[in-house]
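Working notes, structure below.
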2 protein chains.
Amino acid sequence: MEAGRFVRLILTPMRVLEKIGEMREASRACRRNGGRVGLVPTMGALHEGHLSLVRAARAKCDTVAVSIFVNPTQFGPREDFSQYPRTFDRDCELLRGENVDLVFAPAVQEIYPAQPGSAGQQRAAVPAYSTWIEVAALTDRLDGKSRPGHFRGVATVVAKLFHIVEPDVAFFGQKDAAQLLIIRRMVRDLNFPIEVVGCPIVREPDGLAMSSRNAYLSSEERKLALLLNRSLREVEQAFRAGEHRIDALIRIGSDAFSLQPAVRLDYFEIVNPETLEPPAQAERSLVAVAAYVGTTRLIDNLLLEK
Amino acid sequence: MEAGRFVRLILTPMRVLEKIGEMREASRACRRNGGRVGLVPTMGALHEGHLSLVRAARAKCDTVAVSIFVNPTQFGPREDFSQYPRTFDRDCELLRGENVDLVFAPAVQEIYPAQPGSAGQQRAAVPAYSTWIEVAALTDRLDGKSRPGHFRGVATVVAKLFHIVEPDVAFFGQKDAAQLLIIRRMVRDLNFPIEVVGCPIVREPDGLAMSSRNAYLSSEERKLALLLNRSLREVEQAFRAGEHRIDALIRIGSDAFSLQPAVRLDYFEIVNPETLEPPAQAERSLVAVAAYVGTTRLIDNLLLEK
């Protein structure tokens with residue numbers, strides 16, 4: 001362990017905060033001293049992709065806050081909210097290793113308080129949670145098309161975390177390309193005083209994009225999951241070889257899945273990387289794929305560039 | 001002029017800011033010195049109702065910011081956005097008289113930037129404004145029922161102003177009772193670090209609630225407009241005389257309008273003051289009325305209390 005880090009660990013041990021008021025106060029204490037606060041919002045089950053965001057935050061900010069919150073409002077009724085991997089103690093160990101200052105790990109009740117008497121009672125004394133942020137024209141594209149309400153839940157919980165942590169900078173991964181765009185659009189449109197930094201996809205040595213959901217895969221499925229990245233690379237190769245017709249490129253990517261019935265394609269799309277609409281040309285377009293490997297839904301993407 | 005105010009005017013003349021960056025910086029400068037910032041959002045055409053909010057802010061905060069912005073997204077297509085009274089110079093005089101520190105008066109373009117090439121072009125290089133805040137279950141009640149999309153526009157622009165000014169406290173009038181509730185709900189649900197203060201309705205000597213839209217009234221209409229407040233008082237009297245049946249109270253209020261065909265009732269409702277839903281009992285319920293006097297839509301309300 002290098003000396004600076006050792007001193008840091010001694011002087012400012014990582015704090016784990018569960019309450020909104022504590023979190024806000026810890027962040028404000030940093031800013032009062034002129035420090036910059038960086039936030040990395042996560043749902044835990046951390047992997048190298050998350051840690052790359054934490055390192056980007058550590059390099060850019062004085063105080064690094066990581067939130068760990070499996071947000072129920074971004075899961076559909078038949079999705080994996082209850083099964084989503086929760087590895088809190090290991091997550092904290094990893095974050096300590098990255099010199100994180102603050103971990104915000106609230107209970108669901110802290111973020112969406114249960115309203116007294118709201119269960120089955122029409123006229124509760126205290127009204128239930130009811131405020132939602134919609135990023136129109138983006139929330140129904142890519143994953144939003146397959147997961148109705150997903151991005152509404154994401155935008156809403158990120159706005160809440162922004163108001164609780166009040167960061168100067170927030171860090172998101174490029175793997176959830178549509179999510180990153182939606183956050184950027186929300187920040188721009190609602191004038192959040194926050195800089196959004198997107199970080200590149202981190203991959204396993206064989207090319208599989210890192211994901212907390214990779215933990216669901218059997219060893220057989222783990223091999224099949226490579227198909228997502230392989231289909232993207234085939235499109236990239238065809239593009240580099242001179243194929244610039246978008247429908248032809250989409251066909252090449254989709255065809256990669258037709259030979260492997262154990263992997264069910266959800267979407268294979270080429271879109272404008274800013275608007276997620278059909279692109280004017282293949283150059284500087286985003287190629288995005290989602291597929292079910294067994295029951296596990298995985299995503300991946302890459303940018304086509306000259 | 002008392003000495004303190006004179007010194008204040010010399011030392012810190014009121015600043016009128018048109019740019020988001022300038023406004024944010026001015027507010028942050030105050031907070032860096034440990035000061036509390038109060039925001040009074042207005043659409044200008046200021047009257048004593050607005051000034052009562054400014055005085056409440058002056059009493060509670062170190063820096064008082066007043067925004068003047070006629071927000072196009074809260075007006076319906078057939079409403080009075082273009083006719084809405086704009087009296088900027090007079091507004092500034094009034095605010096100077098109240099020792100306001102900062103006036104934020106952005107152009108529409110500053111708050112909703114026009115997107116290059118977005119007019120009539122499907123795939124604009126820069127995507128158009130697209131983020132909206134919905135306060136479900138409240139935005140379709142009272143004025144929201146008569147003015148679809150109105151409260152979505154209000155919640156969205158207030159969130160933008162909150163992110164630009166970053167106030168500690170924000171002040172709203174009780175006349176727009178549903179608006180005040182929606183802002184409170186939004187602040188609670190999205191964890192804005194802001195205290196919302198509601199201030200009582202300010203009335204003309206004869207009882208008419210102050211409103212920028214009163215400027216639209218002819219002298220004949222001005223007399224007819226008293227009917228709104230009179231109908232509320234008749235309900236209050238009946239309540240005090242022992243009438244606690246809600247349907248009977250609504251009938252008393254509505255009947256006041258049936259004799260005056262020149263005033264067209266939009267709604268006369270008695271609602272739960274927190275949820276705007278039908279109240280369990282008349283006690284501590286909100287009586288709210290909206291009516292057209294000529295083409296001018298006016299609102300008023302009062303709380304029934306023992």
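In the structure tokens, chains take the letters A, B, ... in the order shown, each chain's residues start at 1, and ligands count up from 1 in the order shown.
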
Contact check, chain B to chain A, at most 7 Å, counting only C-alpha atoms, closest pairs as a tab-separated table:
residue	atom	partner	partner_atom	distance
B:Pro127	CA	A:Thr275	CA	6.3
B:Tyr129	CA	A:Asp189	CA	6.2
B:Ser130	CA	A:Ala136	CA	5.1
B:Thr131	CA	A:Val135	CA	4.3
B:Trp132	CA	A:Glu134	CA	5.3
B:Ile133	CA	A:Ile133	CA	4.7
B:Glu134	CA	A:Trp132	CA	5.3
B:Val135	CA	A:Thr131	CA	4.4
B:Ala136	CA	A:Ser130	CA	5.1
B:Ala159	CA	A:Leu190	CA	6.7
B:Lys160	CA	A:Leu190	CA	4.8
B:His163	CA	A:Phe192	CA	5.3
B:Ile164	CA	A:Asn191	CA	6.3
B:Met186	CA	A:Thr131	CA	5.9
B:Asp189	CA	A:Thr131	CA	6.0
B:Leu190	CA	A:Lys160	CA	4.8
B:Asn191	CA	A:Lys160	CA	5.6
B:Phe192	CA	A:His163	CA	5.3
B:Pro193	CA	A:His163	CA	6.4
B:Thr275	CA	A:Pro127	CA	6.4

Restricting it to N, CA and C atoms, dump the selection as a short mmCIF file (atom, residue, chain, number, x, y, z; two decimals), in the first residue's frame.
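Dumped to again-v5.cif:
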data_model
loop_
_atom_site.label_atom_id
_atom_site.label_comp_id
_atom_site.auth_asym_id
_atom_site.auth_seq_id
_atom_site.Cartn_x
_atom_site.Cartn_y
_atom_site.Cartn_z
N PRO B 127 -31.12 17.65 -29.85
CA PRO B 127 -32.51 17.31 -29.58
C PRO B 127 -33.24 18.43 -28.84
N TYR B 129 -36.15 20.34 -26.35
CA TYR B 129 -36.51 20.19 -24.93
C TYR B 129 -37.44 19.00 -24.74
N SER B 130 -37.17 18.16 -23.77
CA SER B 130 -37.99 16.95 -23.68
C SER B 130 -38.15 16.36 -22.28
N THR B 131 -37.83 17.10 -21.22
CA THR B 131 -37.93 16.52 -19.88
C THR B 131 -39.06 17.19 -19.09
N TRP B 132 -39.94 16.38 -18.54
CA TRP B 132 -41.13 16.90 -17.86
C TRP B 132 -41.30 16.23 -16.51
N ILE B 133 -41.80 17.02 -15.56
CA ILE B 133 -42.10 16.47 -14.23
C ILE B 133 -43.61 16.37 -14.07
N GLU B 134 -44.03 15.16 -13.75
CA GLU B 134 -45.46 14.90 -13.54
C GLU B 134 -45.68 14.59 -12.07
N VAL B 135 -46.60 15.32 -11.44
CA VAL B 135 -47.00 14.98 -10.08
C VAL B 135 -48.35 14.26 -10.22
N ALA B 136 -48.25 12.94 -10.31
CA ALA B 136 -49.44 12.13 -10.61
C ALA B 136 -50.49 12.34 -9.53
N ALA B 159 -38.94 23.38 -11.07
CA ALA B 159 -37.74 22.55 -10.85
C ALA B 159 -36.53 23.20 -11.52
N LYS B 160 -36.72 23.72 -12.74
CA LYS B 160 -35.62 24.39 -13.42
C LYS B 160 -35.15 25.61 -12.61
N HIS B 163 -33.12 24.59 -9.68
CA HIS B 163 -31.74 24.18 -10.01
C HIS B 163 -30.87 25.36 -10.40
N ILE B 164 -31.49 26.41 -10.91
CA ILE B 164 -30.72 27.59 -11.34
C ILE B 164 -30.39 28.47 -10.14
N MET B 186 -43.79 17.73 -5.01
CA MET B 186 -42.60 17.53 -5.84
C MET B 186 -41.33 17.65 -5.00
N ASP B 189 -41.17 14.52 -2.76
CA ASP B 189 -40.91 13.26 -3.48
C ASP B 189 -39.51 13.23 -4.10
N LEU B 190 -39.07 14.34 -4.66
CA LEU B 190 -37.77 14.35 -5.35
C LEU B 190 -36.64 14.81 -4.42
N ASN B 191 -36.93 14.99 -3.11
CA ASN B 191 -35.90 15.33 -2.13
C ASN B 191 -35.16 16.62 -2.46
N PHE B 192 -35.86 17.59 -3.04
CA PHE B 192 -35.21 18.91 -3.21
C PHE B 192 -34.81 19.43 -1.83
N PRO B 193 -33.58 19.96 -1.69
CA PRO B 193 -33.14 20.48 -0.38
C PRO B 193 -33.67 21.89 -0.14
N THR B 275 -54.73 16.17 -0.49
CA THR B 275 -54.76 15.25 -1.63
C THR B 275 -55.60 15.78 -2.79
#

Subject >> Separation of atom CA of B:Val202 from atom CA of B:Gly49, in Å and rounded to one decimal >> reply: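 Taking atom CA of B:Val202 as the start and atom CA of B:Gly49 as the end point, the length is 5.1 Å.
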
**OP:** Pull the alpha helix (DSSP H) assignments for stretch 36-245 of chain A out of DSSP run on the backbone, and list those residues as a PyMOL selection string.
**Re:** chain A and resi 48-60+88-97+108-111+143-146+150-165+177-189+219-224+226-240

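Residue-level DSSP output for stretch 43-209 of chain B, from the backbone, shows strand (DSSP E) at Thr63, Val64, Ala65, Val66, Ser67, Ile68, Leu102, Val103, Phe104, Thr131, Trp132, Ile133, Glu134, Val135, Val169, Ala170, Phe171, Phe172, Gly173, Glu195, Val196, Val197, Gly198 and Cys199 of chain B.
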
Subject >> Contacts of stretch 61-73 of chain A within 6 Å, only C-alpha atoms, excl. fewer than 3 positions in-chain, as a ChimeraX atom specification >> reply: /A:35-44,57-58,100-105,153

Subject >> Distance query B:Glu195 at most 7 Å, only C-alpha atoms, self and fewer than 6 positions along chain excluded, as a list in words >> reply: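 So the residues in contact are Asp168, Val169 and Ala170 of chain B.
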
**OP:** Within 10 Å of B:Val271, counting only C-alpha atoms, which residues show up once you throw out same-chain ones fewer than 4 positions away? Write them as a ChimeraX atom specification, please.
**Re:** /B:141-142,246,275-282,284-288,303

Dump as a PDB file, in the first residue's frame, selection limited to N, CA, C and O atoms:
ATOM      1  N   ARG B 141     -56.298  17.650 -11.089  1.00  0.00           N
ATOM      2  CA  ARG B 141     -57.374  18.119 -10.207  1.00  0.00           C
ATOM      3  C   ARG B 141     -57.466  19.653 -10.221  1.00  0.00           C
ATOM      4  O   ARG B 141     -56.541  20.330 -10.615  1.00  0.00           O
ATOM      5  N   LEU B 142     -58.610  20.146  -9.767  1.00  0.00           N
ATOM      6  CA  LEU B 142     -58.877  21.592  -9.758  1.00  0.00           C
ATOM      7  C   LEU B 142     -58.452  22.199 -11.100  1.00  0.00           C
ATOM      8  O   LEU B 142     -58.925  21.777 -12.141  1.00  0.00           O
ATOM      9  N   ILE B 246     -71.281  17.940   2.530  1.00  0.00           N
ATOM     10  CA  ILE B 246     -70.443  18.509   1.465  1.00  0.00           C
ATOM     11  C   ILE B 246     -71.253  18.838   0.223  1.00  0.00           C
ATOM     12  O   ILE B 246     -71.088  19.915  -0.377  1.00  0.00           O
ATOM     13  N   THR B 275     -54.728  16.170  -0.491  1.00  0.00           N
ATOM     14  CA  THR B 275     -54.764  15.252  -1.635  1.00  0.00           C
ATOM     15  C   THR B 275     -55.601  15.781  -2.790  1.00  0.00           C
ATOM     16  O   THR B 275     -55.546  15.237  -3.886  1.00  0.00           O
ATOM     17  N   LEU B 276     -56.389  16.811  -2.546  1.00  0.00           N
ATOM     18  CA  LEU B 276     -57.347  17.362  -3.517  1.00  0.00           C
ATOM     19  C   LEU B 276     -58.429  16.351  -3.902  1.00  0.00           C
ATOM     20  O   LEU B 276     -59.162  16.556  -4.861  1.00  0.00           O
ATOM     21  N   GLU B 277     -58.511  15.249  -3.144  1.00  0.00           N
ATOM     22  CA  GLU B 277     -59.566  14.269  -3.399  1.00  0.00           C
ATOM     23  C   GLU B 277     -60.805  14.640  -2.582  1.00  0.00           C
ATOM     24  O   GLU B 277     -60.753  15.525  -1.725  1.00  0.00           O
ATOM     25  N   PRO B 278     -61.938  13.982  -2.859  1.00  0.00           N
ATOM     26  CA  PRO B 278     -63.136  14.276  -2.067  1.00  0.00           C
ATOM     27  C   PRO B 278     -62.818  14.123  -0.581  1.00  0.00           C
ATOM     28  O   PRO B 278     -62.187  13.145  -0.175  1.00  0.00           O
ATOM     29  N   PRO B 279     -63.213  15.082   0.235  1.00  0.00           N
ATOM     30  CA  PRO B 279     -62.827  15.055   1.646  1.00  0.00           C
ATOM     31  C   PRO B 279     -63.727  14.120   2.450  1.00  0.00           C
ATOM     32  O   PRO B 279     -64.888  13.885   2.084  1.00  0.00           O
ATOM     33  N   ALA B 280     -63.153  13.590   3.534  1.00  0.00           N
ATOM     34  CA  ALA B 280     -63.938  12.737   4.418  1.00  0.00           C
ATOM     35  C   ALA B 280     -64.996  13.576   5.144  1.00  0.00           C
ATOM     36  O   ALA B 280     -66.100  13.139   5.395  1.00  0.00           O
ATOM     37  N   GLN B 281     -64.664  14.824   5.451  1.00  0.00           N
ATOM     38  CA  GLN B 281     -65.600  15.709   6.150  1.00  0.00           C
ATOM     39  C   GLN B 281     -65.341  17.151   5.750  1.00  0.00           C
ATOM     40  O   GLN B 281     -64.273  17.475   5.234  1.00  0.00           O
ATOM     41  N   ALA B 282     -66.332  18.008   5.990  1.00  0.00           N
ATOM     42  CA  ALA B 282     -66.200  19.407   5.575  1.00  0.00           C
ATOM     43  C   ALA B 282     -65.152  20.138   6.413  1.00  0.00           C
ATOM     44  O   ALA B 282     -64.491  21.053   5.919  1.00  0.00           O
ATOM     45  N   ARG B 284     -61.892  21.325   7.971  1.00  0.00           N
ATOM     46  CA  ARG B 284     -60.534  21.358   7.395  1.00  0.00           C
ATOM     47  C   ARG B 284     -60.513  20.855   5.952  1.00  0.00           C
ATOM     48  O   ARG B 284     -59.652  20.050   5.562  1.00  0.00           O
ATOM     49  N   SER B 285     -61.497  21.312   5.187  1.00  0.00           N
ATOM     50  CA  SER B 285     -61.463  21.037   3.757  1.00  0.00           C
ATOM     51  C   SER B 285     -61.219  22.346   3.018  1.00  0.00           C
ATOM     52  O   SER B 285     -61.375  23.438   3.576  1.00  0.00           O
ATOM     53  N   LEU B 286     -60.808  22.218   1.749  1.00  0.00           N
ATOM     54  CA  LEU B 286     -60.517  23.388   0.932  1.00  0.00           C
ATOM     55  C   LEU B 286     -61.680  23.622  -0.014  1.00  0.00           C
ATOM     56  O   LEU B 286     -62.095  22.714  -0.735  1.00  0.00           O
ATOM     57  N   VAL B 287     -62.228  24.839   0.005  1.00  0.00           N
ATOM     58  CA  VAL B 287     -63.284  25.215  -0.924  1.00  0.00           C
ATOM     59  C   VAL B 287     -62.626  26.036  -2.023  1.00  0.00           C
ATOM     60  O   VAL B 287     -61.980  27.056  -1.736  1.00  0.00           O
ATOM     61  N   ALA B 288     -62.759  25.572  -3.265  1.00  0.00           N
ATOM     62  CA  ALA B 288     -62.036  26.213  -4.368  1.00  0.00           C
ATOM     63  C   ALA B 288     -62.989  26.494  -5.507  1.00  0.00           C
ATOM     64  O   ALA B 288     -63.856  25.683  -5.830  1.00  0.00           O
ATOM     65  N   LEU B 303     -60.104  27.898   3.293  1.00  0.00           N
ATOM     66  CA  LEU B 303     -60.078  26.680   4.085  1.00  0.00           C
ATOM     67  C   LEU B 303     -61.220  26.748   5.099  1.00  0.00           C
ATOM     68  O   LEU B 303     -61.380  27.759   5.778  1.00  0.00           O
TER      69      LEU B 303
END

Subject >> Atom-to-atom span, atom CA of A:Pro13 and atom CA of A:Phe88, Å >> reply: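 Computing it gives 17.2 Å between the two atoms.
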
**OP:** Using atom CA of B:Phe172 and atom CA of B:Ser146 as the two end points, give the distance in Å to one decimal.
**Re:**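 Atom CA of B:Ser146 lies at a distance of 21.1 Å from atom CA of B:Phe172.
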
Original post:
Residues at most 10 Å from B:Ala291, counting only C-alpha atoms, excluding those fewer than 6 positions away in the same chain, as a PyMOL selection string?
Top reply: chain B and resi 225+227-228+257+263-268+297-300

Next, the residues of the selection above should be written as a CSV table (one decimal), in the first residue's frame with C-alpha atoms.
chain,number,residue,atom,x,y,z
B,225,ALA,CA,-65.6,39.3,-10.2
B,227,LEU,CA,-68.9,36.8,-7.0
B,228,LEU,CA,-66.1,34.3,-6.6
B,257,PHE,CA,-73.4,31.7,-9.8
B,263,VAL,CA,-70.0,34.8,-15.0
B,264,ARG,CA,-69.5,31.3,-16.1
B,265,LEU,CA,-68.5,28.8,-13.4
B,266,ASP,CA,-65.6,26.5,-14.3
B,267,TYR,CA,-65.6,24.5,-11.1
B,268,PHE,CA,-66.8,24.8,-7.5
B,297,ARG,CA,-60.5,33.1,-15.8
B,298,LEU,CA,-60.2,33.8,-12.1
B,299,ILE,CA,-59.7,31.5,-9.1
B,300,ASP,CA,-60.1,31.8,-5.4

**OP:** Name the closest residue to A:Glu243 among the candidates A:Ala178, A:Leu46, A:Cys30, A:Leu304; distances are taken between atoms, counting only C-alpha atoms.
**Re:**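 Among A:Ala178, A:Leu46, A:Cys30, A:Leu304, it is A:Leu304 that comes nearest to A:Glu243.
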